[in-house]
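Structure data follow from entry_3.txt (compact mmCIF, C-alpha atoms and all ligand atoms):
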# COMPACT_ATOMS: atom_id res chain seq x y z
CA MET Z 21 42.48 -4.42 -28.04
CA ASN Z 22 42.93 -5.67 -31.59
CA ALA Z 23 39.80 -6.09 -33.67
CA PRO Z 24 39.17 -9.82 -34.08
CA LEU Z 25 40.19 -11.40 -37.37
CA LEU Z 26 37.50 -14.06 -37.16
CA GLU Z 27 34.28 -13.93 -35.17
CA ILE Z 28 31.94 -16.88 -34.96
CA GLU Z 29 28.78 -16.10 -33.03
CA ASP Z 30 25.83 -18.28 -31.97
CA LEU Z 31 26.53 -20.68 -34.80
CA VAL Z 32 23.95 -23.39 -35.47
CA VAL Z 33 24.77 -26.00 -38.14
CA GLU Z 34 22.37 -28.80 -39.01
CA PHE Z 35 22.63 -31.88 -41.19
CA ASP Z 36 19.72 -33.75 -42.72
CA THR Z 37 20.23 -37.47 -42.20
CA ASP Z 38 18.11 -40.62 -42.58
CA GLU Z 39 17.41 -40.42 -38.85
CA GLY Z 40 16.24 -36.83 -39.07
CA THR Z 41 17.94 -33.51 -38.50
CA VAL Z 42 21.20 -33.59 -36.58
CA ARG Z 43 22.31 -30.40 -34.89
CA ALA Z 44 26.08 -30.66 -35.17
CA VAL Z 45 26.80 -27.19 -33.84
CA ASP Z 46 24.39 -25.77 -31.30
CA GLY Z 47 25.18 -22.14 -30.62
CA ALA Z 48 28.98 -22.32 -30.58
CA GLY Z 49 31.15 -19.26 -31.07
CA TYR Z 50 34.66 -17.95 -30.66
CA THR Z 51 36.89 -15.15 -31.85
CA VAL Z 52 40.41 -15.29 -33.24
CA LEU Z 53 42.70 -12.27 -32.87
CA PRO Z 54 45.27 -11.39 -35.53
CA GLY Z 55 48.42 -13.48 -35.13
CA GLU Z 56 47.27 -15.55 -32.15
CA THR Z 57 46.94 -19.30 -31.92
CA LEU Z 58 43.61 -20.57 -30.67
CA GLY Z 59 43.42 -24.22 -29.62
CA VAL Z 60 40.07 -25.99 -30.05
CA VAL Z 61 39.62 -29.19 -28.04
CA GLY Z 62 36.81 -31.59 -27.21
CA GLU Z 63 35.87 -35.21 -27.76
CA SER Z 64 35.08 -36.65 -31.16
CA GLY Z 65 31.78 -35.35 -32.55
CA SER Z 66 31.75 -32.16 -30.45
CA GLY Z 67 31.59 -29.98 -33.58
CA LYS Z 68 35.19 -28.74 -33.79
CA SER Z 69 35.59 -29.40 -37.51
CA VAL Z 70 32.11 -28.33 -38.55
CA THR Z 71 32.49 -25.01 -36.71
CA ALA Z 72 35.82 -24.35 -38.42
CA MET Z 73 34.47 -25.35 -41.84
CA SER Z 74 31.81 -22.71 -41.49
CA ALA Z 75 34.61 -20.14 -41.41
CA LEU Z 76 35.55 -21.29 -44.89
CA GLY Z 77 32.01 -21.36 -46.22
CA LEU Z 78 32.43 -25.11 -46.61
CA ILE Z 79 29.16 -26.34 -45.13
CA LYS Z 80 27.36 -27.96 -48.05
CA PRO Z 81 24.02 -29.86 -48.33
CA PRO Z 82 22.85 -32.00 -46.58
CA GLY Z 83 24.34 -29.55 -44.09
CA ARG Z 84 23.41 -25.92 -43.60
CA VAL Z 85 24.24 -23.00 -41.38
CA ALA Z 86 20.83 -22.53 -39.79
CA SER Z 87 21.72 -19.38 -37.88
CA GLY Z 88 24.56 -17.39 -36.43
CA ARG Z 89 27.28 -15.13 -37.76
CA VAL Z 90 30.69 -15.82 -39.23
CA VAL Z 91 32.63 -12.61 -39.75
CA PHE Z 92 36.13 -12.57 -41.24
CA ASP Z 93 37.97 -9.26 -41.08
CA GLY Z 94 34.69 -7.40 -40.77
CA VAL Z 95 32.92 -9.19 -43.62
CA ASP Z 96 29.99 -11.54 -42.97
CA LEU Z 97 30.87 -14.72 -44.88
CA ARG Z 98 27.28 -15.87 -45.01
CA GLY Z 99 26.43 -13.08 -47.42
CA LEU Z 100 29.47 -13.64 -49.64
CA PRO Z 101 29.03 -14.97 -53.20
CA PRO Z 102 30.71 -18.38 -53.82
CA ARG Z 103 33.33 -16.79 -56.07
CA GLU Z 104 34.57 -14.49 -53.34
CA LEU Z 105 34.56 -17.32 -50.82
CA ARG Z 106 36.78 -19.33 -53.16
CA ARG Z 107 39.15 -16.39 -53.37
CA LEU Z 108 39.39 -16.19 -49.60
CA ARG Z 109 40.11 -19.91 -49.33
CA GLY Z 110 43.72 -20.60 -50.20
CA GLY Z 111 44.28 -16.85 -50.12
CA ARG Z 112 43.67 -15.06 -46.84
CA ILE Z 113 42.33 -18.21 -45.16
CA ALA Z 114 44.14 -21.52 -45.58
CA MET Z 115 43.46 -24.96 -44.19
CA ILE Z 116 45.63 -27.87 -43.13
CA PHE Z 117 43.92 -31.23 -42.74
CA GLN Z 118 44.72 -34.51 -41.01
CA ASP Z 119 44.90 -36.29 -44.34
CA PRO Z 120 47.01 -34.36 -46.85
CA MET Z 121 45.48 -36.28 -49.74
CA THR Z 122 42.24 -34.37 -49.24
CA ALA Z 123 44.15 -31.17 -50.06
CA LEU Z 124 46.51 -32.51 -52.72
CA ASN Z 125 45.56 -33.45 -56.25
CA PRO Z 126 46.86 -37.01 -56.89
CA VAL Z 127 47.26 -36.53 -60.65
CA MET Z 128 49.20 -33.28 -60.54
CA THR Z 129 52.86 -32.80 -59.55
CA ILE Z 130 53.58 -31.07 -56.26
CA GLY Z 131 55.28 -28.27 -58.18
CA GLY Z 132 52.32 -27.91 -60.51
CA GLN Z 133 49.94 -27.57 -57.55
CA LEU Z 134 52.11 -25.07 -55.75
CA THR Z 135 52.61 -22.86 -58.80
CA GLU Z 136 48.91 -23.06 -59.61
CA ALA Z 137 47.98 -22.00 -56.08
CA LEU Z 138 50.44 -19.12 -56.25
CA ARG Z 139 49.30 -17.84 -59.64
CA LEU Z 140 45.61 -18.25 -58.82
CA HIS Z 141 45.99 -15.61 -56.15
CA ASP Z 142 48.53 -13.46 -57.95
CA ALA Z 143 47.77 -13.39 -61.66
CA ARG Z 144 50.78 -11.19 -62.35
CA MET Z 145 53.28 -13.75 -61.06
CA SER Z 146 55.22 -15.28 -63.96
CA ARG Z 147 55.54 -19.03 -64.32
CA ALA Z 148 59.26 -18.84 -63.66
CA ALA Z 149 58.78 -16.73 -60.52
CA ALA Z 150 56.09 -19.11 -59.28
CA ARG Z 151 58.41 -22.09 -59.81
CA ARG Z 152 61.18 -20.37 -57.87
CA ARG Z 153 58.82 -19.51 -55.05
CA ALA Z 154 57.45 -23.09 -55.05
CA ALA Z 155 60.98 -24.44 -54.61
CA ASP Z 156 61.64 -21.95 -51.81
CA LEU Z 157 58.42 -22.98 -50.08
CA LEU Z 158 59.27 -26.69 -50.25
CA ALA Z 159 62.72 -25.97 -48.88
CA LEU Z 160 61.17 -23.85 -46.14
CA VAL Z 161 58.95 -26.74 -44.97
CA GLY Z 162 61.97 -29.05 -44.94
CA VAL Z 163 61.50 -31.13 -48.06
CA PRO Z 164 65.05 -31.95 -49.11
CA GLY Z 165 66.01 -31.70 -52.79
CA ALA Z 166 63.10 -29.35 -53.41
CA ALA Z 167 63.90 -28.66 -57.07
CA LYS Z 168 63.70 -32.34 -57.97
CA ARG Z 169 60.73 -32.95 -55.67
CA LEU Z 170 58.64 -30.37 -57.49
CA LYS Z 171 58.38 -32.76 -60.43
CA GLN Z 172 57.04 -35.59 -58.29
CA TYR Z 173 53.45 -36.61 -57.60
CA PRO Z 174 51.92 -36.82 -54.10
CA HIS Z 175 52.16 -40.66 -54.09
CA GLU Z 176 55.93 -40.35 -54.45
CA PHE Z 177 56.05 -38.48 -51.13
CA SER Z 178 56.01 -40.17 -47.69
CA GLY Z 179 53.17 -39.28 -45.30
CA GLY Z 180 55.27 -36.77 -43.39
CA MET Z 181 56.55 -35.19 -46.61
CA ARG Z 182 53.01 -34.89 -47.93
CA GLN Z 183 52.03 -33.13 -44.74
CA ARG Z 184 54.90 -30.72 -45.36
CA ALA Z 185 53.83 -30.19 -48.95
CA MET Z 186 50.30 -29.40 -47.77
CA ILE Z 187 51.65 -26.88 -45.27
CA ALA Z 188 53.70 -25.32 -48.08
CA MET Z 189 50.47 -25.01 -50.12
CA ALA Z 190 48.65 -23.51 -47.15
CA ILE Z 191 51.26 -20.83 -46.47
CA ALA Z 192 52.02 -20.15 -50.16
CA ASN Z 193 49.85 -17.05 -50.26
CA GLU Z 194 50.76 -15.74 -46.81
CA PRO Z 195 47.33 -16.25 -45.27
CA ASP Z 196 46.06 -14.18 -42.36
CA LEU Z 197 44.30 -17.20 -40.90
CA LEU Z 198 45.43 -20.80 -40.87
CA ILE Z 199 42.97 -23.48 -39.82
CA ALA Z 200 44.78 -26.67 -38.85
CA ASP Z 201 42.39 -29.55 -38.21
CA GLU Z 202 44.19 -32.39 -36.41
CA PRO Z 203 47.35 -31.67 -38.40
CA THR Z 204 49.45 -34.27 -36.60
CA THR Z 205 46.98 -36.93 -35.49
CA ALA Z 206 47.84 -39.42 -38.23
CA LEU Z 207 51.61 -39.05 -37.83
CA ASP Z 208 54.04 -40.92 -35.61
CA VAL Z 209 55.48 -39.06 -32.64
CA THR Z 210 58.74 -37.95 -34.23
CA VAL Z 211 57.10 -36.62 -37.37
CA GLN Z 212 54.42 -35.03 -35.16
CA ALA Z 213 57.05 -32.97 -33.38
CA GLN Z 214 58.59 -31.94 -36.69
CA VAL Z 215 55.26 -30.85 -38.12
CA LEU Z 216 54.51 -28.81 -34.97
CA ASP Z 217 57.89 -27.09 -35.35
CA LEU Z 218 56.97 -26.41 -38.91
CA LEU Z 219 53.64 -24.89 -37.91
CA ARG Z 220 55.51 -22.59 -35.56
CA GLU Z 221 57.87 -21.69 -38.36
CA ALA Z 222 54.91 -21.06 -40.71
CA ARG Z 223 53.40 -18.80 -38.09
CA ARG Z 224 56.62 -16.85 -37.74
CA GLU Z 225 57.02 -16.62 -41.48
CA THR Z 226 53.49 -15.43 -42.27
CA GLY Z 227 52.32 -13.95 -38.96
CA ALA Z 228 49.08 -15.85 -39.55
CA ALA Z 229 46.58 -16.40 -36.79
CA THR Z 230 46.00 -20.11 -36.29
CA VAL Z 231 42.99 -22.16 -35.26
CA LEU Z 232 44.52 -25.42 -34.06
CA ILE Z 233 41.99 -28.22 -33.68
CA THR Z 234 43.33 -31.21 -31.78
CA HIS Z 235 42.55 -33.98 -29.31
CA ASP Z 236 45.94 -33.43 -27.75
CA LEU Z 237 45.89 -31.05 -24.80
CA GLY Z 238 49.66 -31.25 -24.64
CA VAL Z 239 49.85 -29.77 -28.13
CA VAL Z 240 47.51 -26.97 -27.06
CA ALA Z 241 49.59 -26.24 -23.97
CA GLU Z 242 52.66 -26.00 -26.14
CA MET Z 243 51.28 -24.09 -29.11
CA ALA Z 244 48.20 -22.06 -28.23
CA ASP Z 245 47.60 -18.70 -26.54
CA ARG Z 246 43.95 -19.34 -25.81
CA VAL Z 247 41.80 -22.45 -25.80
CA VAL Z 248 38.17 -23.21 -26.59
CA VAL Z 249 36.68 -26.37 -25.10
CA MET Z 250 33.75 -27.75 -27.07
CA TYR Z 251 31.14 -30.25 -25.95
CA ALA Z 252 28.04 -31.36 -27.87
CA GLY Z 253 28.19 -28.52 -30.37
CA ARG Z 254 28.78 -25.77 -27.81
CA VAL Z 255 31.66 -23.96 -26.21
CA VAL Z 256 31.65 -24.99 -22.55
CA GLU Z 257 34.77 -23.10 -21.51
CA HIS Z 258 37.26 -20.74 -23.07
CA GLY Z 259 40.13 -18.50 -22.06
CA PRO Z 260 43.93 -18.19 -21.83
CA VAL Z 261 45.52 -21.64 -22.03
CA ALA Z 262 47.70 -21.39 -18.94
CA GLU Z 263 44.81 -20.28 -16.73
CA ILE Z 264 42.27 -22.73 -18.08
CA PHE Z 265 44.67 -25.65 -17.69
CA ARG Z 266 45.81 -24.59 -14.21
CA ALA Z 267 42.33 -23.84 -12.90
CA PRO Z 268 39.51 -25.15 -15.07
CA ARG Z 269 36.04 -23.82 -14.25
CA HIS Z 270 34.02 -26.44 -16.08
CA PRO Z 271 33.71 -30.07 -14.96
CA TYR Z 272 34.20 -31.21 -18.55
CA THR Z 273 37.51 -29.35 -18.94
CA ARG Z 274 38.55 -30.74 -15.60
CA GLY Z 275 37.63 -34.22 -16.75
CA LEU Z 276 39.72 -33.83 -19.88
CA LEU Z 277 42.69 -32.66 -17.83
CA ASP Z 278 42.28 -35.44 -15.25
CA SER Z 279 42.42 -38.03 -18.00
CA LEU Z 280 45.87 -36.80 -19.03
CA PRO Z 281 49.08 -38.35 -17.76
CA ARG Z 282 51.16 -35.92 -15.69
CA MET Z 283 54.79 -36.05 -14.71
CA ASP Z 284 54.02 -36.13 -11.00
CA GLU Z 285 51.30 -38.77 -11.13
CA ASP Z 286 51.16 -42.50 -11.61
CA ALA Z 287 49.34 -43.69 -14.68
CA ASP Z 288 46.83 -45.56 -12.49
CA GLU Z 289 45.58 -42.28 -11.07
CA LEU Z 290 44.23 -41.27 -14.45
CA THR Z 291 40.48 -41.02 -14.52
CA PRO Z 292 38.78 -41.05 -17.89
CA ILE Z 293 35.44 -39.24 -18.07
CA PRO Z 294 32.73 -41.87 -17.58
CA GLY Z 295 30.01 -42.31 -20.19
CA ALA Z 296 29.86 -40.86 -23.69
CA PRO Z 297 28.77 -37.60 -25.30
CA PRO Z 298 25.17 -37.37 -26.55
CA ALA Z 299 24.58 -39.29 -29.77
CA PRO Z 300 24.23 -37.19 -32.94
CA GLY Z 301 20.70 -35.83 -33.07
CA GLU Z 302 20.02 -36.50 -29.38
CA VAL Z 303 18.42 -33.45 -27.80
CA THR Z 304 19.07 -32.88 -24.11
CA ALA Z 305 17.20 -30.50 -21.89
CA GLY Z 306 19.45 -28.64 -19.51
CA CYS Z 307 23.21 -29.11 -19.59
CA PRO Z 308 24.36 -31.62 -22.22
CA PHE Z 309 27.19 -32.71 -19.92
CA ALA Z 310 24.86 -33.42 -16.96
CA PRO Z 311 24.58 -37.21 -17.53
CA ARG Z 312 28.36 -37.55 -17.13
CA CYS Z 313 29.03 -34.84 -14.59
CA ALA Z 314 30.30 -35.63 -11.10
CA MET Z 315 28.86 -32.34 -9.79
CA VAL Z 316 25.41 -32.69 -11.33
CA ARG Z 317 22.35 -31.18 -9.50
CA ASP Z 318 18.67 -31.09 -10.38
CA ARG Z 319 19.00 -27.66 -11.94
CA CYS Z 320 21.49 -29.01 -14.49
CA ARG Z 321 18.91 -31.39 -15.93
CA THR Z 322 16.34 -28.68 -16.63
CA GLU Z 323 18.12 -25.39 -17.12
CA ARG Z 324 20.73 -24.96 -19.83
CA PRO Z 325 23.81 -23.08 -18.59
CA GLU Z 326 25.00 -20.22 -20.78
CA PRO Z 327 28.63 -19.07 -20.91
CA ALA Z 328 29.32 -16.75 -17.96
CA PRO Z 329 32.50 -14.80 -17.20
CA THR Z 330 34.82 -16.55 -14.73
CA GLY Z 331 37.74 -14.15 -15.02
CA PRO Z 332 39.38 -11.79 -17.51
CA GLY Z 333 38.81 -13.15 -21.00
CA ARG Z 334 37.38 -16.45 -19.88
CA THR Z 335 33.94 -18.01 -19.58
CA SER Z 336 32.39 -21.25 -18.38
CA ALA Z 337 28.97 -22.66 -19.22
CA CYS Z 338 28.44 -24.37 -15.87
CA HIS Z 339 25.85 -23.33 -13.28
CA PHE Z 340 28.33 -24.22 -10.55
CA HIS Z 341 31.60 -22.86 -11.90
CA ALA Z 342 32.13 -20.89 -8.70
CA GLU Z 343 32.38 -24.14 -6.74
CA LEU Z 344 35.24 -25.26 -8.95
CA ALA Z 345 37.05 -22.01 -8.19
CA GLY Z 346 37.11 -22.98 -4.53
CA GLU Z 347 38.80 -26.26 -5.38
CA ASP Z 348 41.76 -24.92 -7.31
CA THR Z 349 44.75 -27.09 -6.58
CA ASP Z 350 47.19 -24.69 -8.17
CA GLY Z 351 48.17 -27.29 -10.79
N1 LIG Z 401 28.22 -34.65 -43.49
C1 LIG Z 401 27.61 -34.88 -42.34
N2 LIG Z 401 26.40 -35.47 -42.28
C2 LIG Z 401 25.78 -35.72 -41.09
N3 LIG Z 401 26.29 -35.38 -39.90
C3 LIG Z 401 27.50 -34.81 -39.88
C4 LIG Z 401 28.23 -34.51 -41.08
N4 LIG Z 401 29.39 -33.94 -40.74
C5 LIG Z 401 29.40 -33.87 -39.40
N5 LIG Z 401 28.27 -34.38 -38.87
C6 LIG Z 401 27.93 -34.47 -37.45
O1 LIG Z 401 28.34 -33.28 -36.84
C7 LIG Z 401 28.81 -33.56 -35.53
C8 LIG Z 401 30.09 -32.81 -35.30
O2 LIG Z 401 31.06 -33.27 -36.20
P1 LIG Z 401 32.53 -32.71 -36.27
O3 LIG Z 401 33.18 -33.37 -37.43
O4 LIG Z 401 32.54 -31.23 -36.25
O5 LIG Z 401 33.16 -33.24 -34.91
P2 LIG Z 401 34.65 -33.08 -34.39
O6 LIG Z 401 34.57 -32.41 -33.08
O7 LIG Z 401 35.48 -32.45 -35.44
O8 LIG Z 401 35.06 -34.60 -34.15
P3 LIG Z 401 36.47 -35.33 -34.44
O9 LIG Z 401 37.31 -35.06 -33.24
O10 LIG Z 401 36.09 -36.77 -34.53
O11 LIG Z 401 37.04 -34.80 -35.71
C9 LIG Z 401 28.96 -35.06 -35.41
O12 LIG Z 401 27.98 -35.50 -34.52
C10 LIG Z 401 28.69 -35.58 -36.78
O13 LIG Z 401 27.90 -36.73 -36.69
MG MG Z 402 37.04 -33.10 -36.62
Would you write out, as structure tokens, the structure that this file holds?
Ligand SMILES: Nc1ncnc2c1ncn2[C@@H]1O[C@H](COP(=O)(O)OP(=O)(O)OP(=O)(O)O)[C@@H](O)[C@H]1O
Ligand SMILES: [Mg+2]
Amino acid sequence: MNAPLLEIEDLVVEFDTDEGTVRAVDGAGYTVLPGETLGVVGESGSGKSVTAMSALGLIKPPGRVASGRVVFDGVDLRGLPPRELRRLRGGRIAMIFQDPMTALNPVMTIGGQLTEALRLHDARMSRAAARRRAADLLALVGVPGAAKRLKQYPHEFSGGMRQRAMIAMAIANEPDLLIADEPTTALDVTVQAQVLDLLREARRETGAATVLITHDLGVVAEMADRVVVMYAGRVVEHGPVAEIFRAPRHPYTRGLLDSLPRMDEDADELTPIPGAPPAPGEVTAGCPFAPRCAMVRDRCRTERPEPAPTGPGRTSACHFHAELAGEDTDG
């Protein structure tokens, strides 16, 4: 077994708000192996982004990492001075966001930003070499006329082209870990497919492990090796994508899958999960999914289920995961 590249363990992240303390992440954890793609899914507010941000040391007041461990390549990030964290970000760990404008500087040319990113992490690189590499990177991500485009500002790029430019920035320094947070959500379907191809290409080019956060289970099926399902700040199920999707062992995962259109089903057979996740700050005794769960028993309302093994490399945090095993329909 490879040593994990990233290990997040028992992470608790809290935010101070006007309504009191909100526990955004409540004991979540996962590992990322070198070179693999890990999909992270779950409804809005389940803590996908906040968990990933902790891996970049990006939780800032009013938020704080209250407890837990975040270890990158053997080093605990919580003990790392801000300067070293900044060096990791954009170096060995890079991030791709839904909105490229959060990563791009609007008053600097694309070429200027790329060369700056390159030289920040390699002080010996000459300006001319950085410019050449910047042009190569833009060409690699499929921005036509790269040499001319380097002189343009982000607002002169279309949305899809900006996304490409951001991916070029992210892979500029050959990161070991790429965190892509809803990288295609804001794009139309055609551009979405192109950006996914590009992510694959970036992965091939850099060999980077990828944490792919998305609402789209289809994207996970296509791109990821393993998947983590989050609910209310916890990991409720995780394991190899093919197995989890074929035979989920948590009612929430099953609910997510049942609400997806399938080739062999009519659209009217889709069943969305009833109800809504707990509101931010709401504290539930027992299983946080209990109020929405079709299998709920008394025990679920009082006793919190912890992740338990359900097979090689997979866990489920459901008291009754064994009952789901008996119901496998074989996809
Ligand atoms: N700056 C903040 N201040 C207060 N609460 C926050 C802050 N950032 C996040 N939260 C809370 O943390 C919880 C988890 O947020 P997070 O952004 O990780 O969810 P998510 O799973 O990424 O959702 P989405 O799919 O909508 O991106 C939410 O309930 C949110 O209200
Ligand atoms: Mg998010």
Exercise. Within 7 Å of ligand MG 402 (chain Z), which residues show up when you count all atoms listed in the file? List them as a ChimeraX atom specification, please.
Key: /Z:64,67-69,201
So that I can check the surroundings of Z:Gly275, please list as a PDB file with C-alpha atoms, in the coordinates of the input every protein, DNA and RNA residue that reaches within 8 Å of it, counting only C-alpha atoms and ignoring chain neighbours fewer than 5 positions away.
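Output file around.pdb is given in full below:
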ATOM      1  CA  THR Z 291      40.480 -41.020 -14.520  1.00  0.00           C
ATOM      2  CA  PRO Z 292      38.780 -41.050 -17.890  1.00  0.00           C
ATOM      3  CA  ILE Z 293      35.440 -39.240 -18.070  1.00  0.00           C
TER       4      ILE Z 293
END
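The neighbours of Z:Arg324 here are the residues that come within 7 Å of it, using all atoms listed in the file and leaving out any residue fewer than 4 positions away in the same chain; they are Z:Ala305, Z:Gly306, Z:Cys307, Z:Cys320.
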Quiz prompt | Shortest interatomic distance to Z:Gly179 - which of Z:Ala328, Z:Leu160, Z:Ala137, Z:Val215, counting all atoms listed in the file | solution = Z:Val215
Quiz item: Hey, which residues come within 7 Å of ligand LIG 401 (chain Z) if we count only C-alpha atoms and all ligand atoms? Could you give them as number ranges by chain?
Solution: Z: 35-37, 42-45, 62-71, 82-83, 235, 253, 299-300
Quiz item: Leaving out Z:Ala228 and any residue of its chain fewer than 2 positions from it, which residues lie within 8 Å of it when counting all atoms listed in the file, given as number ranges by chain?
Solution: Z: 54-56, 194-198, 222-224, 226, 230
Practice problem: For stretch 237-245 of chain Z, work out the shell of residues within 9 Å, counting all atoms listed in the file and skipping chain neighbours fewer than 5 positions away, then give it as JSON, numbers by chain. | Solution: {"Z": [56, 57, 58, 59, 60, 61, 216, 220, 230, 231, 232, 259, 260, 261, 262, 265, 276, 277, 280]}
Self-check item: Proximity to Z:Leu207 - best of Z:Asp119, Z:Asp46, Z:Asp318, Z:Asp156, only C-alpha atoms
Solution: Z:Asp119
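The space between atom CA of Z:Thr273 and atom CA of Z:Pro329 spans 15.5 Å.
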Self-check item: Nearby residues (only C-alpha atoms) at most 10 Å from Z:Arg139, same-chain spacing under 5 positions excluded, as a PyMOL selection string
Solution: chain Z and resi 133-134+144-147+149-150+193
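Straight-line separation from atom CA of Z:Arg269 to atom CA of Z:Ser336: 6.1 Å.
Comparing Z:Glu323, Z:Glu34, Z:Glu29, Z:Asp217 by their smallest distance to Z:Asp96, the closest is Z:Glu29 (using all atoms listed in the file).
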